[in-house]
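Undergrad: My structure file input.pdb, PDB, C-alpha atoms, pLDDT in the B column, is below:
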ATOM      1  CA  MET A1287       0.000   0.000   0.000  1.00 82.00           C
ATOM      2  CA  SER A1288       1.380   3.377  -0.988  1.00 88.00           C
ATOM      3  CA  ARG A1289       2.147   6.137   1.478  1.00 92.00           C
ATOM      4  CA  LYS A1290      -0.511   8.304  -0.177  1.00 91.00           C
ATOM      5  CA  LYS A1291      -3.137   5.570   0.268  1.00 92.00           C
ATOM      6  CA  LYS A1292      -2.191   5.128   3.943  1.00 93.00           C
ATOM      7  CA  LEU A1293      -2.514   8.867   4.506  1.00 93.00           C
ATOM      8  CA  LEU A1294      -5.920   8.887   2.787  1.00 94.00           C
ATOM      9  CA  LEU A1295      -7.192   6.007   4.921  1.00 95.00           C
ATOM     10  CA  PHE A1296      -5.847   7.680   8.060  1.00 96.00           C
ATOM     11  CA  SER A1297      -7.679  10.865   7.045  1.00 96.00           C
ATOM     12  CA  ASP A1298     -10.866   8.823   6.566  1.00 96.00           C
ATOM     13  CA  LEU A1299     -10.500   7.347  10.044  1.00 97.00           C
ATOM     14  CA  LEU A1300      -9.677  10.690  11.664  1.00 98.00           C
ATOM     15  CA  GLY A1301     -12.656  12.319   9.953  1.00 97.00           C
ATOM     16  CA  MET A1302     -14.954   9.548  11.193  1.00 98.00           C
ATOM     17  CA  VAL A1303     -13.700   9.973  14.769  1.00 98.00           C
ATOM     18  CA  VAL A1304     -14.387  13.727  14.647  1.00 98.00           C
ATOM     19  CA  LEU A1305     -17.871  13.171  13.166  1.00 98.00           C
ATOM     20  CA  ILE A1306     -18.713  10.518  15.758  1.00 98.00           C
ATOM     21  CA  PHE A1307     -17.591  12.892  18.517  1.00 98.00           C
ATOM     22  CA  ILE A1308     -19.846  15.661  17.140  1.00 98.00           C
ATOM     23  CA  ASP A1309     -22.794  13.256  16.951  1.00 98.00           C
ATOM     24  CA  GLN A1310     -22.259  11.938  20.483  1.00 98.00           C
ATOM     25  CA  TYR A1311     -21.721  15.450  21.853  1.00 98.00           C
ATOM     26  CA  THR A1312     -24.977  16.739  20.357  1.00 98.00           C
ATOM     27  CA  LYS A1313     -26.832  13.716  21.713  1.00 98.00           C
ATOM     28  CA  ARG A1314     -25.328  14.331  25.146  1.00 98.00           C
ATOM     29  CA  LEU A1315     -26.492  17.934  24.997  1.00 98.00           C
ATOM     30  CA  ALA A1316     -29.961  16.687  24.043  1.00 98.00           C
ATOM     31  CA  VAL A1317     -30.036  14.385  27.071  1.00 97.00           C
ATOM     32  CA  ILE A1318     -28.889  17.153  29.414  1.00 97.00           C
ATOM     33  CA  HIS A1319     -31.089  19.953  28.095  1.00 97.00           C
ATOM     34  CA  LEU A1320     -34.096  18.293  26.432  1.00 97.00           C
ATOM     35  CA  LYS A1321     -34.923  15.067  28.274  1.00 96.00           C
ATOM     36  CA  ASP A1322     -38.124  15.399  30.302  1.00 96.00           C
ATOM     37  CA  GLN A1323     -38.508  18.994  29.059  1.00 96.00           C
ATOM     38  CA  ALA A1324     -40.952  20.672  26.699  1.00 95.00           C
ATOM     39  CA  ALA A1325     -39.747  21.000  23.103  1.00 95.00           C
ATOM     40  CA  TRP A1326     -37.499  23.966  22.336  1.00 95.00           C
ATOM     41  CA  ASN A1327     -38.959  26.052  19.559  1.00 95.00           C
ATOM     42  CA  ILE A1328     -36.131  27.155  17.230  1.00 95.00           C
ATOM     43  CA  ILE A1329     -38.220  28.507  14.321  1.00 95.00           C
ATOM     44  CA  ASN A1330     -41.896  28.732  15.212  1.00 94.00           C
ATOM     45  CA  GLY A1331     -43.919  26.153  13.281  1.00 92.00           C
ATOM     46  CA  VAL A1332     -40.848  24.963  11.378  1.00 95.00           C
ATOM     47  CA  LEU A1333     -38.075  23.525  13.559  1.00 96.00           C
ATOM     48  CA  GLU A1334     -37.852  22.449  17.160  1.00 97.00           C
ATOM     49  CA  LEU A1335     -35.629  20.380  19.402  1.00 97.00           C
ATOM     50  CA  ASN A1336     -37.678  17.581  20.902  1.00 96.00           C
ATOM     51  CA  TYR A1337     -36.127  14.683  22.852  1.00 97.00           C
ATOM     52  CA  LEU A1338     -37.021  11.138  21.768  1.00 96.00           C
ATOM     53  CA  GLU A1339     -35.630   7.715  22.672  1.00 95.00           C
ATOM     54  CA  ASN A1340     -35.965   5.703  19.462  1.00 91.00           C
ATOM     55  CA  THR A1341     -35.787   1.910  19.819  1.00 85.00           C
ATOM     56  CA  GLY A1342     -36.512   1.422  16.119  1.00 73.00           C
ATOM     57  CA  ALA A1343     -34.902   2.301  12.835  1.00 66.00           C
ATOM     58  CA  ALA A1344     -35.780   5.128  10.469  1.00 61.00           C
ATOM     59  CA  PHE A1345     -39.342   6.357  10.986  1.00 55.00           C
ATOM     60  CA  GLY A1346     -39.698   4.091  14.039  1.00 57.00           C
ATOM     61  CA  MET A1347     -39.698   0.843  12.039  1.00 61.00           C
ATOM     62  CA  LEU A1348     -38.399  -2.440  13.504  1.00 64.00           C
ATOM     63  CA  GLN A1349     -38.791  -1.506  17.163  1.00 64.00           C
ATOM     64  CA  ASN A1350     -36.567  -3.279  19.740  1.00 64.00           C
ATOM     65  CA  GLN A1351     -34.331  -5.104  17.247  1.00 72.00           C
ATOM     66  CA  LYS A1352     -30.967  -4.202  18.832  1.00 71.00           C
ATOM     67  CA  VAL A1353     -29.069  -7.350  17.779  1.00 81.00           C
ATOM     68  CA  PHE A1354     -30.361  -7.065  14.213  1.00 83.00           C
ATOM     69  CA  PHE A1355     -29.315  -3.397  13.986  1.00 82.00           C
ATOM     70  CA  ILE A1356     -25.839  -4.121  15.316  1.00 86.00           C
ATOM     71  CA  PHE A1357     -25.427  -6.995  12.845  1.00 90.00           C
ATOM     72  CA  VAL A1358     -26.509  -4.755   9.938  1.00 89.00           C
ATOM     73  CA  VAL A1359     -24.118  -1.990  11.015  1.00 92.00           C
ATOM     74  CA  VAL A1360     -21.206  -4.426  11.258  1.00 94.00           C
ATOM     75  CA  VAL A1361     -21.933  -5.704   7.743  1.00 96.00           C
ATOM     76  CA  ILE A1362     -22.255  -2.154   6.384  1.00 95.00           C
ATOM     77  CA  LEU A1363     -19.000  -1.121   8.059  1.00 96.00           C
ATOM     78  CA  GLY A1364     -17.285  -4.170   6.564  1.00 96.00           C
ATOM     79  CA  VAL A1365     -18.476  -3.230   3.089  1.00 95.00           C
ATOM     80  CA  ILE A1366     -17.423   0.394   3.593  1.00 97.00           C
ATOM     81  CA  ALA A1367     -13.967  -0.663   4.833  1.00 96.00           C
ATOM     82  CA  TYR A1368     -13.546  -2.986   1.834  1.00 94.00           C
ATOM     83  CA  VAL A1369     -14.525  -0.252  -0.634  1.00 95.00           C
ATOM     84  CA  LEU A1370     -12.303   2.354   1.053  1.00 95.00           C
ATOM     85  CA  PHE A1371      -9.292   0.015   0.932  1.00 93.00           C
ATOM     86  CA  LYS A1372      -9.955  -0.849  -2.716  1.00 93.00           C
ATOM     87  CA  THR A1373     -10.765   2.691  -3.887  1.00 94.00           C
ATOM     88  CA  PRO A1374      -8.016   4.263  -5.987  1.00 90.00           C
ATOM     89  CA  ASP A1375      -6.418   7.314  -4.415  1.00 85.00           C
ATOM     90  CA  GLY A1376      -7.130   9.650  -7.354  1.00 89.00           C
ATOM     91  CA  ARG A1377      -8.960  12.959  -6.931  1.00 92.00           C
ATOM     92  CA  LYS A1378     -12.027  11.530  -8.658  1.00 94.00           C
ATOM     93  CA  TYR A1379     -12.610   9.298  -5.632  1.00 95.00           C
ATOM     94  CA  THR A1380     -12.134  11.876  -2.861  1.00 94.00           C
ATOM     95  CA  ILE A1381     -15.868  12.510  -2.615  1.00 96.00           C
ATOM     96  CA  LEU A1382     -16.453   8.749  -2.369  1.00 96.00           C
ATOM     97  CA  HIS A1383     -14.123   8.622   0.641  1.00 96.00           C
ATOM     98  CA  VAL A1384     -15.946  11.548   2.270  1.00 97.00           C
ATOM     99  CA  LEU A1385     -19.419  10.083   1.686  1.00 98.00           C
ATOM    100  CA  LEU A1386     -18.494   6.611   2.908  1.00 98.00           C
ATOM    101  CA  GLY A1387     -16.811   8.155   5.952  1.00 98.00           C
ATOM    102  CA  LEU A1388     -19.987  10.103   6.747  1.00 98.00           C
ATOM    103  CA  ILE A1389     -22.150   6.999   6.390  1.00 98.00           C
ATOM    104  CA  ALA A1390     -19.784   4.980   8.589  1.00 98.00           C
ATOM    105  CA  ALA A1391     -19.647   7.728  11.230  1.00 98.00           C
ATOM    106  CA  GLY A1392     -23.425   7.972  11.317  1.00 97.00           C
ATOM    107  CA  ALA A1393     -23.835   4.216  11.582  1.00 96.00           C
ATOM    108  CA  ILE A1394     -21.268   4.002  14.378  1.00 97.00           C
ATOM    109  CA  GLY A1395     -22.790   6.983  16.208  1.00 97.00           C
ATOM    110  CA  ASN A1396     -26.220   5.372  16.293  1.00 94.00           C
ATOM    111  CA  MET A1397     -24.729   1.959  17.116  1.00 94.00           C
ATOM    112  CA  ILE A1398     -22.980   3.463  20.153  1.00 96.00           C
ATOM    113  CA  ASP A1399     -26.374   4.624  21.411  1.00 95.00           C
ATOM    114  CA  ARG A1400     -27.956   1.214  20.824  1.00 91.00           C
ATOM    115  CA  ILE A1401     -25.184  -0.551  22.724  1.00 92.00           C
ATOM    116  CA  ARG A1402     -25.128   1.965  25.606  1.00 94.00           C
ATOM    117  CA  TYR A1403     -28.820   2.688  26.010  1.00 92.00           C
ATOM    118  CA  ASP A1404     -30.809   0.157  23.907  1.00 90.00           C
ATOM    119  CA  TYR A1405     -32.195   3.143  21.979  1.00 92.00           C
ATOM    120  CA  VAL A1406     -30.977   6.031  19.828  1.00 94.00           C
ATOM    121  CA  VAL A1407     -31.260   9.614  21.059  1.00 97.00           C
ATOM    122  CA  ASP A1408     -33.173  11.723  18.512  1.00 96.00           C
ATOM    123  CA  PHE A1409     -33.911  15.412  18.965  1.00 97.00           C
ATOM    124  CA  ILE A1410     -34.288  17.371  15.706  1.00 97.00           C
ATOM    125  CA  TYR A1411     -37.871  17.805  14.512  1.00 96.00           C
ATOM    126  CA  PHE A1412     -39.175  19.591  11.400  1.00 94.00           C
ATOM    127  CA  VAL A1413     -42.636  20.555  12.573  1.00 93.00           C
ATOM    128  CA  TRP A1414     -43.824  22.094   9.287  1.00 91.00           C
ATOM    129  CA  ILE A1415     -43.654  18.766   7.431  1.00 93.00           C
ATOM    130  CA  ASN A1416     -44.185  16.556  10.486  1.00 89.00           C
ATOM    131  CA  PHE A1417     -40.955  14.732   9.645  1.00 90.00           C
ATOM    132  CA  PRO A1418     -39.870  12.013  12.107  1.00 90.00           C
ATOM    133  CA  ILE A1419     -37.506  13.200  14.838  1.00 93.00           C
ATOM    134  CA  PHE A1420     -33.862  12.514  13.953  1.00 94.00           C
ATOM    135  CA  ASN A1421     -30.276  13.255  15.028  1.00 97.00           C
ATOM    136  CA  VAL A1422     -26.920  14.350  13.609  1.00 98.00           C
ATOM    137  CA  ALA A1423     -25.865  10.776  12.717  1.00 97.00           C
ATOM    138  CA  ASP A1424     -29.073  10.403  10.713  1.00 95.00           C
ATOM    139  CA  ILE A1425     -28.161  13.550   8.790  1.00 97.00           C
ATOM    140  CA  TYR A1426     -24.727  12.102   7.976  1.00 98.00           C
ATOM    141  CA  ILE A1427     -26.287   8.890   6.678  1.00 96.00           C
ATOM    142  CA  SER A1428     -29.262  10.348   4.809  1.00 96.00           C
ATOM    143  CA  VAL A1429     -27.535  13.211   3.020  1.00 97.00           C
ATOM    144  CA  SER A1430     -24.507  11.075   2.131  1.00 98.00           C
ATOM    145  CA  ALA A1431     -26.645   8.215   0.837  1.00 97.00           C
ATOM    146  CA  VAL A1432     -28.624  10.565  -1.434  1.00 98.00           C
ATOM    147  CA  VAL A1433     -25.441  12.170  -2.804  1.00 98.00           C
ATOM    148  CA  LEU A1434     -23.837   8.729  -3.218  1.00 97.00           C
ATOM    149  CA  VAL A1435     -26.791   7.424  -5.230  1.00 97.00           C
ATOM    150  CA  PHE A1436     -26.662  10.562  -7.393  1.00 97.00           C
ATOM    151  CA  LEU A1437     -22.919  10.076  -8.014  1.00 97.00           C
ATOM    152  CA  LEU A1438     -23.340   6.389  -8.824  1.00 95.00           C
ATOM    153  CA  LEU A1439     -26.125   7.161 -11.284  1.00 96.00           C
ATOM    154  CA  PHE A1440     -24.742  10.283 -12.973  1.00 95.00           C
ATOM    155  CA  TYR A1441     -21.056  10.837 -12.205  1.00 95.00           C
ATOM    156  CA  TYR A1442     -19.144   7.590 -11.972  1.00 94.00           C
ATOM    157  CA  LYS A1443     -19.063   5.372 -15.021  1.00 93.00           C
ATOM    158  CA  GLU A1444     -19.003   1.584 -14.775  1.00 91.00           C
ATOM    159  CA  LYS A1445     -15.266   1.521 -15.534  1.00 93.00           C
ATOM    160  CA  ASP A1446     -14.643   3.963 -12.651  1.00 93.00           C
ATOM    161  CA  LEU A1447     -16.003   1.366 -10.235  1.00 92.00           C
ATOM    162  CA  ASN A1448     -14.224  -1.715 -11.613  1.00 91.00           C
ATOM    163  CA  PHE A1449     -11.992  -1.740  -8.526  1.00 89.00           C
ATOM    164  CA  ILE A1450     -14.975  -3.079  -6.544  1.00 86.00           C
ATOM    165  CA  SER A1451     -15.895  -5.980  -8.804  1.00 71.00           C
ATOM    166  CA  PHE A1452     -14.807  -9.550  -8.248  1.00 57.00           C
ATOM    167  CA  LYS A1453     -13.102 -10.863 -11.326  1.00 58.00           C
ATOM    168  CA  GLN A1454     -12.637 -14.529 -12.045  1.00 49.00           C
ATOM    169  CA  GLU A1455      -9.004 -14.477 -10.903  1.00 49.00           C
ATOM    170  CA  HIS A1456     -10.107 -13.340  -7.432  1.00 48.00           C
ATOM    171  CA  TYR A1457     -12.162 -16.506  -7.106  1.00 48.00           C
ATOM    172  CA  ARG A1458      -9.201 -18.668  -8.153  1.00 48.00           C
ATOM    173  CA  GLU A1459      -7.049 -17.021  -5.459  1.00 50.00           C
ATOM    174  CA  ILE A1460      -9.639 -17.787  -2.787  1.00 49.00           C
ATOM    175  CA  LYS A1461      -9.902 -21.499  -3.705  1.00 48.00           C
TER     176      LYS A1461
END
Just give me the structure of the file as structure tokens.

TA:
Amino acid sequence: MSRKKKLLLFSDLLGMVVLIFIDQYTKRLAVIHLKDQAAWNIINGVLELNYLENTGAAFGMLQNQKVFFIFVVVVILGVIAYVLFKTPDGRKYTILHVLLGLIAAGAIGNMIDRIRYDYVVDFIYFVWINFPIFNVADIYISVSAVVLVFLLLFYYKEKDLNFISFKQEHYREIK
């Protein structure tokens, strides 16, 4: 592995640590200032901070499935690690590193909550569209996933992503 690739992967890891810290810090602030309190109105009728302990996934689905969520996160993190290690270190792939780092940080941030508390701390609520209450880690995951899908559909060509595919010689090496 080249020195440049090692530096890029270290940057990915450092970025994830910083993002996880920000997520956990905001959740801690929510626990301290919002738990058992009335919602804080930020923009009347639009945005408020409202404490919620979410035992489910997005939009409250799959309530109380802690082991399942942890398993899914571990698989997702494995896939992300594989792709990050395989991704070429050219400028064209910088955004891919950033997006995958954001998704990983968000997944880890919510997994930390599930392991510590058996629920995820949510606190951001868009009142005007009655959107489900969410947190900073959810923002990392959602925004990055949308941008990633856009890039995969309209920016990267199939040949740009050949580094991910398993070619026949990979299978021979495994046997």

Undergrad: Using the chain letters and numbers from this file, what does the PyMOL selection byres ((chain A and resi 1308-1324) around 9) select? Give the answer as a PyMOL selection string.

TA: chain A and resi 1303-1307+1325-1326+1335-1338+1391-1392+1395-1396+1398-1399+1406-1409+1421-1423

Undergrad: Which of these residues is nearest to A:Phe1296, using only C-alpha atoms: A:Arg1377, A:Val1369, A:Phe1355, A:Gly1387?

TA: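 Selected residue with least distance to A:Phe1296: A:Gly1387.
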
Undergrad: What is the distance, in Å and to one decimal place, between atom CA of A:Ser1430 and atom CA of A:Met1302?

TA: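 Atom-to-atom, atom CA of A:Ser1430 to atom CA of A:Met1302, that is 13.3 Å.
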
Undergrad: On this structure, which residues satisfy the PyMOL selection byres ((chain A and resi 1400) around 12), written as JSON, numbers by chain?

TA: {"A": [1339, 1340, 1341, 1342, 1343, 1349, 1350, 1351, 1352, 1353, 1354, 1355, 1356, 1357, 1359, 1393, 1394, 1395, 1396, 1397, 1398, 1399, 1401, 1402, 1403, 1404, 1405, 1406, 1407, 1408]}

Undergrad: How would you write as a ChimeraX atom specification the residues that get within 12 Å of (-44.0, 17.1, 10.9) in the file's frame, counting all atoms listed in the file?

TA: /A:1331-1334,1336,1345,1410-1420

Undergrad: If I take atom CA of A:Met1287 and atom CA of A:Ile1450, how far is one from the other in Å, to one decimal?

TA: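 Taking atom CA of A:Met1287 as the start and atom CA of A:Ile1450 as the end point, the length is 16.6 Å.
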
Undergrad: When distances are computed from all atoms listed in the file, which of A:Ile1389, A:Lys1372, A:Leu1382, A:Val1360 shows the smallest separation from A:Leu1437?

TA: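 Checking each candidate against A:Leu1437, we get A:Leu1382 as the closest.
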
Undergrad: Fewer than 4 positions away in the same chain doesn't count, so skip those; otherwise give me all residues within 9 Å of A:Ala1367, counting only C-alpha atoms, as a list in words.

TA: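 Counting only the stated atoms, we get Ile1362, Leu1363, Phe1371, Lys1372, Leu1386 and Ala1390 of chain A.
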
Undergrad: For a test of reading the model, state the distance in Å between atom CA of A:Thr1373 and atom CA of A:Val1358, rounded to one decimal.

TA: 22.2 Å

Undergrad: Expand the PyMOL selection byres ((chain A and resi 1292) around 12) into the individual residues it matches in the shown file, reporting them as a CSV table (one decimal) with C-alpha atoms, keeping the file's coordinate frame.

TA:
chain,number,residue,atom,x,y,z
A,1287,MET,CA,0.0,0.0,0.0
A,1288,SER,CA,1.4,3.4,-1.0
A,1289,ARG,CA,2.1,6.1,1.5
A,1290,LYS,CA,-0.5,8.3,-0.2
A,1291,LYS,CA,-3.1,5.6,0.3
A,1293,LEU,CA,-2.5,8.9,4.5
A,1294,LEU,CA,-5.9,8.9,2.8
A,1295,LEU,CA,-7.2,6.0,4.9
A,1296,PHE,CA,-5.8,7.7,8.1
A,1297,SER,CA,-7.7,10.9,7.0
A,1298,ASP,CA,-10.9,8.8,6.6
A,1299,LEU,CA,-10.5,7.3,10.0
A,1370,LEU,CA,-12.3,2.4,1.1
A,1371,PHE,CA,-9.3,0.0,0.9
A,1372,LYS,CA,-10.0,-0.8,-2.7
A,1373,THR,CA,-10.8,2.7,-3.9
A,1374,PRO,CA,-8.0,4.3,-6.0
A,1375,ASP,CA,-6.4,7.3,-4.4
